[in-house]
Structures are given as C-alpha cells and as structure tokens.
$ cat final.tsv   # TSV, C-alpha atoms
chain	number	residue	atom	x	y	z
A	1	MET	CA	-31.00	-35.46	10.67
A	2	PRO	CA	-31.53	-32.01	12.24
A	3	ARG	CA	-31.08	-29.10	9.86
A	4	ALA	CA	-28.07	-26.87	10.44
A	5	LYS	CA	-28.91	-23.51	11.96
A	6	GLN	CA	-29.35	-20.74	9.40
A	7	PRO	CA	-26.42	-18.33	9.69
A	8	HIS	CA	-27.45	-14.72	10.16
A	9	VAL	CA	-25.52	-12.49	7.77
A	10	VAL	CA	-25.61	-8.69	7.89
A	11	VAL	CA	-24.82	-6.99	4.57
A	12	VAL	CA	-23.98	-3.29	4.77
A	13	GLY	CA	-24.66	-1.39	1.56
A	14	ALA	CA	-27.53	-1.95	-0.89
A	15	GLY	CA	-25.70	-0.92	-4.04
A	16	ALA	CA	-24.52	-3.09	-6.92
A	17	PHE	CA	-22.25	-5.30	-4.80
A	18	GLY	CA	-24.20	-5.39	-1.53
A	19	GLY	CA	-27.70	-5.81	-2.91
A	20	TRP	CA	-26.81	-8.74	-5.13
A	21	THR	CA	-24.74	-10.34	-2.36
A	22	ALA	CA	-27.70	-10.14	0.02
A	23	LEU	CA	-29.99	-11.68	-2.59
A	24	PHE	CA	-27.70	-14.64	-3.31
A	25	LEU	CA	-27.01	-15.22	0.38
A	26	ARG	CA	-30.75	-15.40	0.99
A	27	ARG	CA	-31.18	-17.88	-1.86
A	28	GLN	CA	-28.54	-20.10	-0.27
A	29	GLY	CA	-30.63	-20.30	2.89
A	30	ALA	CA	-29.01	-17.65	5.07
A	31	ARG	CA	-31.02	-15.28	7.20
A	32	VAL	CA	-29.97	-11.88	5.80
A	33	THR	CA	-30.35	-8.32	7.06
A	34	LEU	CA	-29.47	-5.68	4.47
A	35	LEU	CA	-28.60	-2.15	5.64
A	36	ASP	CA	-28.23	1.11	3.74
A	37	ALA	CA	-27.99	4.67	5.04
A	38	TRP	CA	-30.00	6.35	2.25
A	39	GLY	CA	-31.50	3.55	0.17
A	40	PRO	CA	-30.47	1.56	-2.93
A	41	GLY	CA	-29.34	3.69	-5.87
A	42	ASN	CA	-29.64	6.94	-3.88
A	43	SER	CA	-28.05	10.11	-5.23
A	44	ARG	CA	-24.96	9.84	-3.00
A	45	ALA	CA	-24.26	6.24	-3.97
A	46	SER	CA	-21.84	5.11	-6.66
A	47	SER	CA	-24.63	2.82	-7.88
A	48	GLY	CA	-27.06	5.73	-8.32
A	49	GLY	CA	-27.91	7.66	-11.48
A	50	GLU	CA	-29.64	6.48	-14.61
A	51	THR	CA	-27.39	4.25	-16.67
A	52	ARG	CA	-24.16	2.23	-16.66
A	53	VAL	CA	-22.27	0.50	-19.45
A	54	ILE	CA	-22.00	-3.29	-19.57
A	55	ARG	CA	-19.06	-4.52	-21.63
A	56	ALA	CA	-16.55	-7.36	-21.61
A	57	THR	CA	-13.47	-5.70	-23.14
A	58	TYR	CA	-10.91	-5.33	-20.36
A	59	GLY	CA	-7.55	-5.35	-22.09
A	60	PRO	CA	-5.39	-8.13	-20.58
A	61	ARG	CA	-7.51	-8.51	-17.40
A	62	ALA	CA	-9.33	-11.74	-18.13
A	63	VAL	CA	-10.89	-11.97	-14.67
A	64	TYR	CA	-13.21	-9.05	-15.50
A	65	THR	CA	-14.10	-10.33	-18.96
A	66	ASN	CA	-15.21	-13.60	-17.39
A	67	LEU	CA	-17.09	-11.84	-14.59
A	68	ALA	CA	-18.85	-9.61	-17.13
A	69	ALA	CA	-19.86	-12.62	-19.23
A	70	ARG	CA	-21.36	-14.31	-16.17
A	71	ALA	CA	-23.00	-11.07	-15.04
A	72	LEU	CA	-24.68	-10.64	-18.44
A	73	VAL	CA	-26.31	-14.06	-18.11
A	74	LEU	CA	-27.61	-13.08	-14.66
A	75	TRP	CA	-28.84	-9.63	-15.77
A	76	LYS	CA	-30.86	-11.23	-18.57
A	77	GLU	CA	-32.20	-13.94	-16.28
A	78	HIS	CA	-33.37	-11.49	-13.62
A	79	GLN	CA	-35.00	-8.98	-15.90
A	80	THR	CA	-37.09	-11.89	-17.22
A	81	ARG	CA	-37.81	-13.11	-13.71
A	82	TRP	CA	-38.81	-9.64	-12.45
A	83	HIS	CA	-40.64	-8.54	-15.63
A	84	ARG	CA	-38.80	-5.23	-15.94
A	85	GLN	CA	-36.16	-4.10	-18.39
A	86	LEU	CA	-32.78	-3.57	-16.76
A	87	TYR	CA	-30.51	-4.36	-19.72
A	88	HIS	CA	-30.46	-2.72	-23.17
A	89	GLY	CA	-28.36	-4.84	-25.55
A	90	ILE	CA	-27.49	-2.16	-28.08
A	91	GLY	CA	-23.81	-3.17	-28.35
A	92	VAL	CA	-20.58	-1.45	-27.36
A	93	LEU	CA	-18.22	0.02	-29.95
A	94	TRP	CA	-14.53	0.40	-28.99
A	95	LEU	CA	-12.87	2.98	-31.22
A	96	VAL	CA	-9.11	2.56	-31.76
A	97	GLU	CA	-6.94	5.39	-33.05
A	98	SER	CA	-3.20	5.17	-32.27
A	99	ASP	CA	-2.77	3.27	-28.99
A	100	GLU	CA	-4.19	-0.21	-29.56
A	101	GLN	CA	-2.52	-2.29	-26.83
A	102	TYR	CA	-5.62	-2.43	-24.61
A	103	GLU	CA	-7.96	-3.61	-27.36
A	104	LYS	CA	-5.42	-5.99	-28.95
A	105	ALA	CA	-4.84	-7.67	-25.59
A	106	ALA	CA	-8.58	-8.12	-25.15
A	107	LEU	CA	-9.23	-10.01	-28.40
A	108	PRO	CA	-8.04	-13.53	-27.41
A	109	ILE	CA	-9.66	-13.19	-23.99
A	110	LEU	CA	-13.00	-12.24	-25.56
A	111	ARG	CA	-12.76	-15.31	-27.80
A	112	ASP	CA	-11.93	-17.60	-24.88
A	113	ALA	CA	-14.92	-16.22	-22.93
A	114	ARG	CA	-17.16	-16.76	-25.99
A	115	VAL	CA	-18.16	-13.12	-26.12
A	116	THR	CA	-19.85	-12.27	-29.41
A	117	PHE	CA	-17.96	-9.48	-31.16
A	118	GLU	CA	-16.74	-8.17	-34.50
A	119	GLU	CA	-13.47	-6.57	-35.53
A	120	LEU	CA	-14.20	-3.66	-37.86
A	121	GLN	CA	-11.76	-1.69	-39.95
A	122	GLY	CA	-12.00	2.09	-39.84
A	123	ALA	CA	-13.70	2.32	-43.23
A	124	GLU	CA	-16.36	-0.17	-42.12
A	125	VAL	CA	-16.99	1.77	-38.89
A	126	ALA	CA	-17.46	4.94	-40.94
A	127	ARG	CA	-19.85	3.18	-43.32
A	128	ARG	CA	-22.01	1.68	-40.57
A	129	PHE	CA	-21.99	4.74	-38.35
A	130	PRO	CA	-21.70	7.84	-40.56
A	131	GLN	CA	-22.70	10.07	-37.62
A	132	ILE	CA	-19.30	9.30	-36.03
A	133	ASN	CA	-16.20	11.18	-37.16
A	134	CYS	CA	-13.92	8.23	-37.99
A	135	GLU	CA	-11.10	10.23	-39.59
A	136	GLN	CA	-8.51	8.92	-37.12
A	137	VAL	CA	-10.21	5.58	-36.33
A	138	ARG	CA	-8.06	2.69	-37.57
A	139	TRP	CA	-10.22	-0.19	-36.34
A	140	ALA	CA	-12.81	-1.06	-33.71
A	141	ILE	CA	-14.29	-3.83	-31.59
A	142	LEU	CA	-18.07	-4.12	-31.67
A	143	GLU	CA	-19.36	-6.19	-28.74
A	144	ARG	CA	-22.73	-7.41	-29.94
A	145	ASP	CA	-24.13	-8.25	-26.48
A	146	GLY	CA	-22.76	-5.18	-24.72
A	147	GLY	CA	-24.99	-2.23	-23.97
A	148	TYR	CA	-26.23	-0.41	-20.92
A	149	LEU	CA	-28.02	-1.07	-17.64
A	150	THR	CA	-30.53	1.07	-15.76
A	151	ALA	CA	-28.63	1.72	-12.55
A	152	ARG	CA	-30.98	3.21	-9.96
A	153	ARG	CA	-33.89	1.10	-11.20
A	154	ALA	CA	-31.80	-2.07	-11.01
A	155	CYS	CA	-30.79	-1.39	-7.39
A	156	ALA	CA	-34.45	-0.95	-6.47
A	157	ALA	CA	-35.40	-4.14	-8.33
A	158	VAL	CA	-32.75	-6.16	-6.48
A	159	LEU	CA	-34.05	-4.87	-3.15
A	160	GLU	CA	-37.63	-5.74	-4.07
A	161	GLY	CA	-36.53	-9.23	-5.13
A	162	PHE	CA	-34.55	-9.69	-1.92
A	163	ILE	CA	-37.50	-8.70	0.28
A	164	ALA	CA	-39.90	-10.88	-1.74
A	165	GLU	CA	-37.62	-13.85	-1.08
A	166	GLY	CA	-37.64	-13.31	2.68
A	167	GLY	CA	-34.81	-10.86	3.26
A	168	GLU	CA	-34.96	-8.05	5.82
A	169	TYR	CA	-34.05	-4.47	4.87
A	170	ARG	CA	-33.37	-1.63	7.30
A	171	GLN	CA	-32.52	1.93	6.25
A	172	LEU	CA	-29.95	2.89	8.88
A	173	ALA	CA	-26.35	4.05	8.87
A	174	MET	CA	-23.40	2.52	10.69
A	175	GLN	CA	-21.33	4.10	13.43
A	176	ALA	CA	-17.68	4.28	12.36
A	177	PRO	CA	-15.03	3.04	12.63
A	178	ILE	CA	-15.67	-0.70	12.82
A	179	GLN	CA	-13.16	-2.48	15.08
A	180	PRO	CA	-13.37	-6.28	15.49
A	181	ARG	CA	-12.29	-7.73	18.82
A	182	GLY	CA	-10.98	-11.17	19.71
A	183	GLY	CA	-10.61	-12.30	16.12
A	184	GLU	CA	-14.18	-11.65	15.02
A	185	LEU	CA	-16.91	-9.03	14.72
A	186	SER	CA	-19.90	-9.85	16.89
A	187	SER	CA	-22.11	-6.77	16.40
A	188	VAL	CA	-22.37	-3.29	14.90
A	189	THR	CA	-23.92	-0.12	16.31
A	190	LEU	CA	-26.48	1.61	14.09
A	191	SER	CA	-27.38	5.27	13.72
A	192	ASP	CA	-30.53	4.86	15.84
A	193	GLY	CA	-28.41	3.69	18.76
A	194	THR	CA	-29.36	0.02	18.50
A	195	THR	CA	-26.92	-2.86	18.22
A	196	LEU	CA	-27.21	-5.54	15.54
A	197	SER	CA	-25.55	-8.93	16.11
A	198	ALA	CA	-24.89	-11.57	13.45
A	199	ASP	CA	-22.80	-14.63	12.67
A	200	ARG	CA	-21.16	-13.06	9.62
A	201	PHE	CA	-20.86	-9.60	8.10
A	202	VAL	CA	-20.33	-8.27	4.59
A	203	PHE	CA	-19.40	-4.61	4.15
A	204	ALA	CA	-20.05	-3.42	0.59
A	205	CYS	CA	-20.17	0.29	1.34
A	206	GLY	CA	-18.77	1.79	-1.86
A	207	PRO	CA	-16.95	5.09	-1.19
A	208	TRP	CA	-17.54	4.80	2.59
A	209	LEU	CA	-15.60	1.54	2.99
A	210	GLY	CA	-12.38	3.35	3.91
A	211	LEU	CA	-14.14	5.47	6.54
A	212	LEU	CA	-15.56	2.40	8.27
A	213	PHE	CA	-12.22	0.57	8.23
A	214	LEU	CA	-9.56	3.26	8.57
A	215	ASP	CA	-6.73	0.91	9.48
A	216	VAL	CA	-7.41	-1.90	6.98
A	217	ILE	CA	-8.84	0.01	3.98
A	218	GLY	CA	-8.37	3.74	4.57
A	219	GLU	CA	-7.18	5.45	1.39
A	220	ARG	CA	-6.99	2.18	-0.48
A	221	VAL	CA	-10.53	3.04	-1.55
A	222	ARG	CA	-10.41	6.64	-2.71
A	223	PRO	CA	-13.60	8.39	-3.86
A	224	THR	CA	-13.09	10.70	-6.84
A	225	ARG	CA	-15.49	13.26	-8.27
A	226	GLN	CA	-16.85	12.33	-11.73
A	227	GLU	CA	-19.14	14.36	-14.01
A	228	VAL	CA	-21.65	13.09	-16.55
A	229	PHE	CA	-23.59	15.13	-19.12
A	230	PHE	CA	-26.75	14.47	-21.15
A	231	PHE	CA	-27.13	16.47	-24.38
A	232	GLY	CA	-30.21	17.04	-26.50
A	233	THR	CA	-30.40	15.66	-30.04
A	234	PRO	CA	-32.35	17.26	-32.93
A	235	SER	CA	-36.05	16.49	-32.96
A	236	GLY	CA	-36.88	13.52	-35.16
A	237	ASP	CA	-33.20	12.77	-35.95
A	238	ARG	CA	-32.88	9.02	-35.46
A	239	ARG	CA	-29.10	8.93	-36.07
A	240	TYR	CA	-28.33	9.61	-32.41
A	241	THR	CA	-30.74	7.18	-30.79
A	242	GLU	CA	-30.00	3.72	-29.41
A	243	GLU	CA	-31.74	2.28	-32.46
A	244	ALA	CA	-28.93	3.61	-34.66
A	245	LEU	CA	-25.90	3.77	-32.36
A	246	PRO	CA	-24.28	1.45	-29.81
A	247	VAL	CA	-22.65	2.55	-26.61
A	248	TRP	CA	-19.17	3.77	-27.51
A	249	ALA	CA	-15.81	3.72	-25.71
A	250	ASP	CA	-13.08	5.97	-27.07
A	251	HIS	CA	-9.45	5.42	-26.07
A	252	GLY	CA	-8.06	8.63	-27.55
A	253	THR	CA	-6.00	11.28	-25.78
A	254	ARG	CA	-8.39	10.74	-22.87
A	255	PHE	CA	-10.83	7.89	-22.29
A	256	MET	CA	-14.30	9.20	-23.17
A	257	TYR	CA	-17.43	7.10	-23.41
A	258	GLY	CA	-21.15	7.59	-23.92
A	259	ILE	CA	-24.59	6.10	-24.26
A	260	PRO	CA	-27.16	7.19	-26.86
A	261	GLY	CA	-30.80	7.40	-25.85
A	262	ASN	CA	-30.67	6.44	-22.19
A	263	GLU	CA	-34.40	5.71	-22.41
A	264	TRP	CA	-35.05	9.18	-23.90
A	265	ARG	CA	-33.03	10.98	-21.23
A	266	GLY	CA	-30.44	12.36	-23.64
A	267	PHE	CA	-27.10	11.68	-25.30
A	268	LYS	CA	-24.77	10.77	-22.42
A	269	VAL	CA	-21.11	11.82	-22.54
A	270	ALA	CA	-18.62	11.12	-19.74
A	271	ASP	CA	-14.89	11.45	-19.14
A	272	ASP	CA	-13.33	8.40	-17.47
A	273	SER	CA	-10.32	10.42	-16.23
A	274	ARG	CA	-10.15	10.36	-12.44
A	275	GLY	CA	-11.37	13.57	-10.87
A	276	PRO	CA	-10.30	15.13	-7.55
A	277	VAL	CA	-10.85	13.37	-4.22
A	278	PHE	CA	-14.48	13.82	-3.16
A	279	ASP	CA	-16.55	13.45	0.00
A	280	PRO	CA	-19.64	11.43	-1.03
A	281	THR	CA	-21.57	12.46	2.09
A	282	THR	CA	-21.13	16.24	2.21
A	283	GLY	CA	-19.75	17.05	-1.25
A	284	GLU	CA	-21.73	19.47	-3.41
A	285	ARG	CA	-22.76	17.88	-6.70
A	286	THR	CA	-22.70	20.90	-9.00
A	287	PRO	CA	-21.00	20.33	-12.36
A	288	THR	CA	-18.03	22.46	-13.33
A	289	ALA	CA	-17.67	24.64	-16.43
A	290	ALA	CA	-14.32	22.99	-17.21
A	291	ALA	CA	-15.75	19.46	-17.30
A	292	LEU	CA	-18.71	20.62	-19.40
A	293	GLN	CA	-16.32	22.20	-21.91
A	294	ILE	CA	-14.36	18.95	-22.23
A	295	ALA	CA	-17.61	17.10	-22.96
A	296	ARG	CA	-18.72	19.75	-25.49
A	297	ASP	CA	-15.36	19.72	-27.29
A	298	TYR	CA	-15.38	15.94	-27.48
A	299	LEU	CA	-18.96	15.87	-28.76
A	300	ALA	CA	-18.14	18.40	-31.50
A	301	TYR	CA	-15.13	16.34	-32.59
A	302	ARG	CA	-16.53	12.80	-32.51
A	303	PHE	CA	-20.17	13.59	-33.39
A	304	PRO	CA	-20.01	16.76	-35.53
A	305	GLY	CA	-23.76	16.78	-36.06
A	306	LEU	CA	-24.21	17.42	-32.34
A	307	LYS	CA	-21.86	20.40	-32.12
A	308	GLY	CA	-23.60	23.01	-30.00
A	309	ALA	CA	-26.23	20.54	-28.73
A	310	PRO	CA	-28.04	21.84	-25.63
A	311	LEU	CA	-27.21	20.43	-22.22
A	312	LEU	CA	-30.31	18.73	-20.80
A	313	GLU	CA	-29.02	17.25	-17.56
A	314	SER	CA	-25.80	16.76	-15.67
A	315	ARG	CA	-24.78	14.64	-12.71
A	316	VAL	CA	-21.86	14.50	-10.32
A	317	CYS	CA	-21.20	10.98	-9.06
A	318	GLN	CA	-18.05	9.28	-7.84
A	319	TYR	CA	-15.77	6.39	-8.47
A	320	GLU	CA	-14.24	4.58	-5.51
A	321	GLU	CA	-10.89	3.61	-6.89
A	322	SER	CA	-8.45	1.08	-5.51
A	323	PRO	CA	-4.74	1.69	-6.24
A	324	ASP	CA	-4.65	-0.91	-9.03
A	325	GLU	CA	-8.35	-0.62	-10.03
A	326	HIS	CA	-8.91	-4.24	-8.99
A	327	PHE	CA	-11.85	-5.06	-6.73
A	328	ILE	CA	-11.34	-5.76	-3.04
A	329	ILE	CA	-13.02	-9.02	-1.98
A	330	ASP	CA	-11.44	-10.46	1.13
A	331	HIS	CA	-11.74	-11.28	4.82
A	332	HIS	CA	-11.03	-8.55	7.34
A	333	PRO	CA	-7.50	-9.53	8.49
A	334	GLN	CA	-8.59	-9.45	12.16
A	335	ALA	CA	-12.04	-10.98	11.72
A	336	ALA	CA	-12.55	-14.21	9.82
A	337	ASN	CA	-16.35	-13.75	9.91
A	338	THR	CA	-16.20	-10.34	8.21
A	339	TRP	CA	-15.85	-9.68	4.48
A	340	LEU	CA	-14.85	-6.41	2.82
A	341	VAL	CA	-16.15	-5.90	-0.73
A	342	GLY	CA	-15.42	-2.74	-2.69
A	343	GLY	CA	-13.05	-0.84	-4.93
A	344	GLY	CA	-15.49	-0.78	-7.84
A	345	SER	CA	-13.21	1.83	-9.44
A	346	GLY	CA	-15.86	3.03	-11.86
A	347	HIS	CA	-16.33	-0.34	-13.56
A	348	GLY	CA	-18.01	-2.36	-10.82
A	349	PHE	CA	-21.71	-1.86	-11.48
A	350	LYS	CA	-22.00	-4.20	-14.47
A	351	HIS	CA	-20.41	-7.01	-12.46
A	352	GLY	CA	-22.91	-6.72	-9.58
A	353	PRO	CA	-24.78	-10.01	-9.96
A	354	ALA	CA	-21.61	-12.02	-10.65
A	355	VAL	CA	-19.85	-10.42	-7.67
A	356	GLY	CA	-22.88	-11.07	-5.46
A	357	GLU	CA	-22.99	-14.70	-6.50
A	358	LEU	CA	-19.26	-15.04	-5.85
A	359	VAL	CA	-19.27	-13.30	-2.46
A	360	ALA	CA	-22.27	-15.29	-1.22
A	361	ARG	CA	-20.41	-18.51	-2.02
A	362	LEU	CA	-17.23	-17.33	-0.28
A	363	VAL	CA	-19.11	-16.20	2.83
A	364	LEU	CA	-21.01	-19.46	3.24
A	365	THR	CA	-18.28	-21.93	2.25
A	366	GLY	CA	-15.13	-20.26	3.53
A	367	GLU	CA	-13.41	-20.56	0.16
A	368	ALA	CA	-10.40	-18.32	-0.44
A	369	PRO	CA	-10.95	-15.30	-2.71
A	370	ASN	CA	-9.17	-14.78	-6.02
A	371	GLU	CA	-5.65	-13.57	-5.24
A	372	GLN	CA	-6.16	-10.53	-7.47
A	373	PHE	CA	-8.89	-9.34	-5.09
A	374	ARG	CA	-7.07	-9.97	-1.79
A	375	LEU	CA	-5.92	-7.21	0.53
A	376	SER	CA	-2.50	-8.84	0.80
A	377	ARG	CA	-1.61	-7.53	-2.65
A	378	PHE	CA	-1.16	-4.05	-1.17
A	379	ALA	CA	1.62	-5.28	1.11
A	380	HIS	CA	4.00	-6.02	-1.77
$ encode --input "final.tsv" --output "structure tokens"
Amino acid sequence: MPRAKQPHVVVVGAGAFGGWTALFLRRQGARVTLLDAWGPGNSRASSGGETRVIRATYGPRAVYTNLAARALVLWKEHQTRWHRQLYHGIGVLWLVESDEQYEKAALPILRDARVTFEELQGAEVARRFPQINCEQVRWAILERDGGYLTARRACAAVLEGFIAEGGEYRQLAMQAPIQPRGGELSSVTLSDGTTLSADRFVFACGPWLGLLFLDVIGERVRPTRQEVFFFGTPSGDRRYTEEALPVWADHGTRFMYGIPGNEWRGFKVADDSRGPVFDPTTGERTPTAAALQIARDYLAYRFPGLKGAPLLESRVCQYEESPDEHFIIDHHPQAANTWLVGGGSGHGFKHGPAVGELVARLVLTGEAPNEQFRLSRFAH
C-alpha cells in the first residue's frame, strides 16, 4: 500500500508549548517547520530566564495535576536521552498558614495521580527546616518529586533535539494579524517578506497570541509584568542551598514562592501576584523599587537569616494570563486546520512536554480538545 503523504505542519513559537509540540509532531511522522522571532528561551519570551518550578499541587484542578505528573515523566526521560540536566528534584514545600482550601482540595487529587508527597505538621516543618520561620505555619505539603527546571537551557535542548530528528527551524517573525479565509489557513507571511504554506498550523506564541489573532484571542491572553529577584547567601552557609531546602510555595497574604540555589545563581524570590499589563516586545525590563521591597520584606520574614541579603540579579518577565488561568488549546473557529495554544498564565512551563504530546495528537488525529481548554468557554 502507498504511504500517506506526510502532512506539513508549521509551528509558530519555540517556547515551552511550541517547541515540545514541534518535537512530538516530528516524531509522529509529520514534516515540521518551527518558527520563532528571537529564538527559544530568548529574553522577551515567557519561557526565558533561568529556572521554573515543577509541582503537581493545583488545588481542585485535577487536569493540571495529571498533566504535571505526565510532564515529569517526560522531563526525566528527555534529560536522560539528551545527556543534560534539565530537572532538579529537590522537592516542593507548600506552607499553609490560615487559608488552607487550596492545599486541602489538592490532597485527594495528588493521591489519585500517585504523586509522592508528605503531609507535615507545623512543628515537623520547623524541625526539618529550621532556617524557615514557621511561627504561623500550621501544616505543609512536601512534594517529593517536585523541584525546578532550567528554563532557557531546556528550550534550547528541545530545539536541538527537534533538529536532530529532522525538523526545520527558521528564526523569523510573523506578520500580524492572521486572518484565515474560506474555512482554513493556507499560508502565513514572514518578516522577510516570504510566504510559508502548510497543511496545518499551530500557533503557540505566548504573550503575542492575542496580537496575531485580535478577533479570536485579543485580550483573552493578557501579558502582565512580573519581577524575579536572586539574593546572595552567606559564604559557606549550606542552610540556604538546594541540598538543604526544597522549592517553597507560600500561600500567605500574597502568594510568594522561591527556589534555593538555582545552580549557584542565587536565592530566588518571586511574587505570583499579577503585575500591570506589559508589552513583551517593547517593554523595558528594569525592576522596580516597590517590587524589590516586597521581596526583601518577605525574605526577612520567612527566612530571617537572610534579612539584608544582597541582591545579585533581577529579571522582569511576563505571564500571559487567560481570564480563568486555564490553558487555551483549541481550533481557530474559522480554520479547522489551525490550532491556538497559549494562556500559560505563569504555570505553563512545567507542563511543556505533556502539552506538546497532547497537541501533536490532536493536530494529527482531529480529536476534540479537553472542554476546559476550549475557546467556547469564554462565550458563557
């Protein structure tokens, strides 16, 4: 029997969602062209920077716990395959003070997903981690297989793997907006003036998704300005390294989180509160004094031994938040051969390989996406 013609799929965006999607499409036999305006993990991208948390605690949202569990398997598999460390399994510690609904809702879902974790009482948290001020901590979840991922390095590794397996990569931008005609998208115009045709298209453009599809996405993907700080720890003090501390997530008056060590880069502290709307292309990425003060005040409270620690580095990145913080994974409503993938909302990076595996299957089989990810939810 003659072999079916390889479909040509263009994937736009080489970040966490797009890069992995391109790789899995290629493995399923598609001819794949991957495009990115500035390169995988570049400084404008939401997938750029040094590190990202990988965790499975998602309150009542089981779909993300299951995606994270699958993603962890794939992260481990690929770092072995590519002979480079992308995942640091130092654990994730969820500290619970007064509001415990999020963590309580997560417990049965973590068990169902067979995530390895411990429930610790406040006294046990204080005993194991004396460097943490646990005065108000009532209990905690310790995810044993959580930890952190090397973001920029991982994006580059996925691209290298994709090219090694026969994929084509082109560093070019897209002319906006994208407007399908006649029920499908037949081609796109690139920044060098050329036209690229394909059988199917996947747009995984992070904070630029709304700009490319003003009528369908628009402000449903809203980039917000986020600031991250790396502080210096005392020389020779092992209490604040990843050997002694897990990643932590702190649902207090505001949701703060951090990563010790970061491969010797510093003690990372970040505020998960959504910042102001931000232009990822032209926005200046200079940290603000107000955000730095919030990080310093938090550090002095939760890790008293680091009060007054020097700031080593800072970074301004962005989230691209959907209205309900769910991902968007769906057909373009006027083009059945075009998929829109985005709305990472600050938590998407860890899920990259699982999302890529999922999207590749949907694109090649025509399966319907999970209803929680569909665009139709915004019509209600």
$ closest_residue --input "final.tsv" --among "A:Leu211, A:Val188, A:Ala56, A:Val158" --to "Gly356 of chain A" --atoms "only C-alpha atoms"
A:Val158
$ residues_near_point --input "final.tsv" --point "(-10.2, -5.5, -31.6)" --cutoff "7 Å" --atoms "only C-alpha atoms" --output "PDB file with C-alpha atoms, in the coordinates of the input"
ATOM      1  CA  GLU A 103      -7.960  -3.610 -27.360  1.00  0.00           C
ATOM      2  CA  LYS A 104      -5.420  -5.990 -28.950  1.00  0.00           C
ATOM      3  CA  LEU A 107      -9.230 -10.010 -28.400  1.00  0.00           C
ATOM      4  CA  GLU A 119     -13.470  -6.570 -35.530  1.00  0.00           C
ATOM      5  CA  ALA A 140     -12.810  -1.060 -33.710  1.00  0.00           C
ATOM      6  CA  ILE A 141     -14.290  -3.830 -31.590  1.00  0.00           C
TER       7      ILE A 141
END
$ closest_residue --input "final.tsv" --among "A:Pro207, A:Gly122, A:Gly258, A:Gly308" --to "Gly344 of chain A" --atoms "only C-alpha atoms"
A:Pro207
$ residues_around --input "final.tsv" --residues "Leu375 of chain A" --least-positions-apart "4" --cutoff "10 Å" --atoms "all atoms listed in the file" --output "number ranges by chain"
A: 216-217, 220, 327-333, 340, 371, 379
$ closest_residue --input "final.tsv" --among "A:Thr21, A:Gln171, A:Ser98, A:Ser191" --to "Ala360 of chain A" --atoms "all atoms listed in the file"
A:Thr21
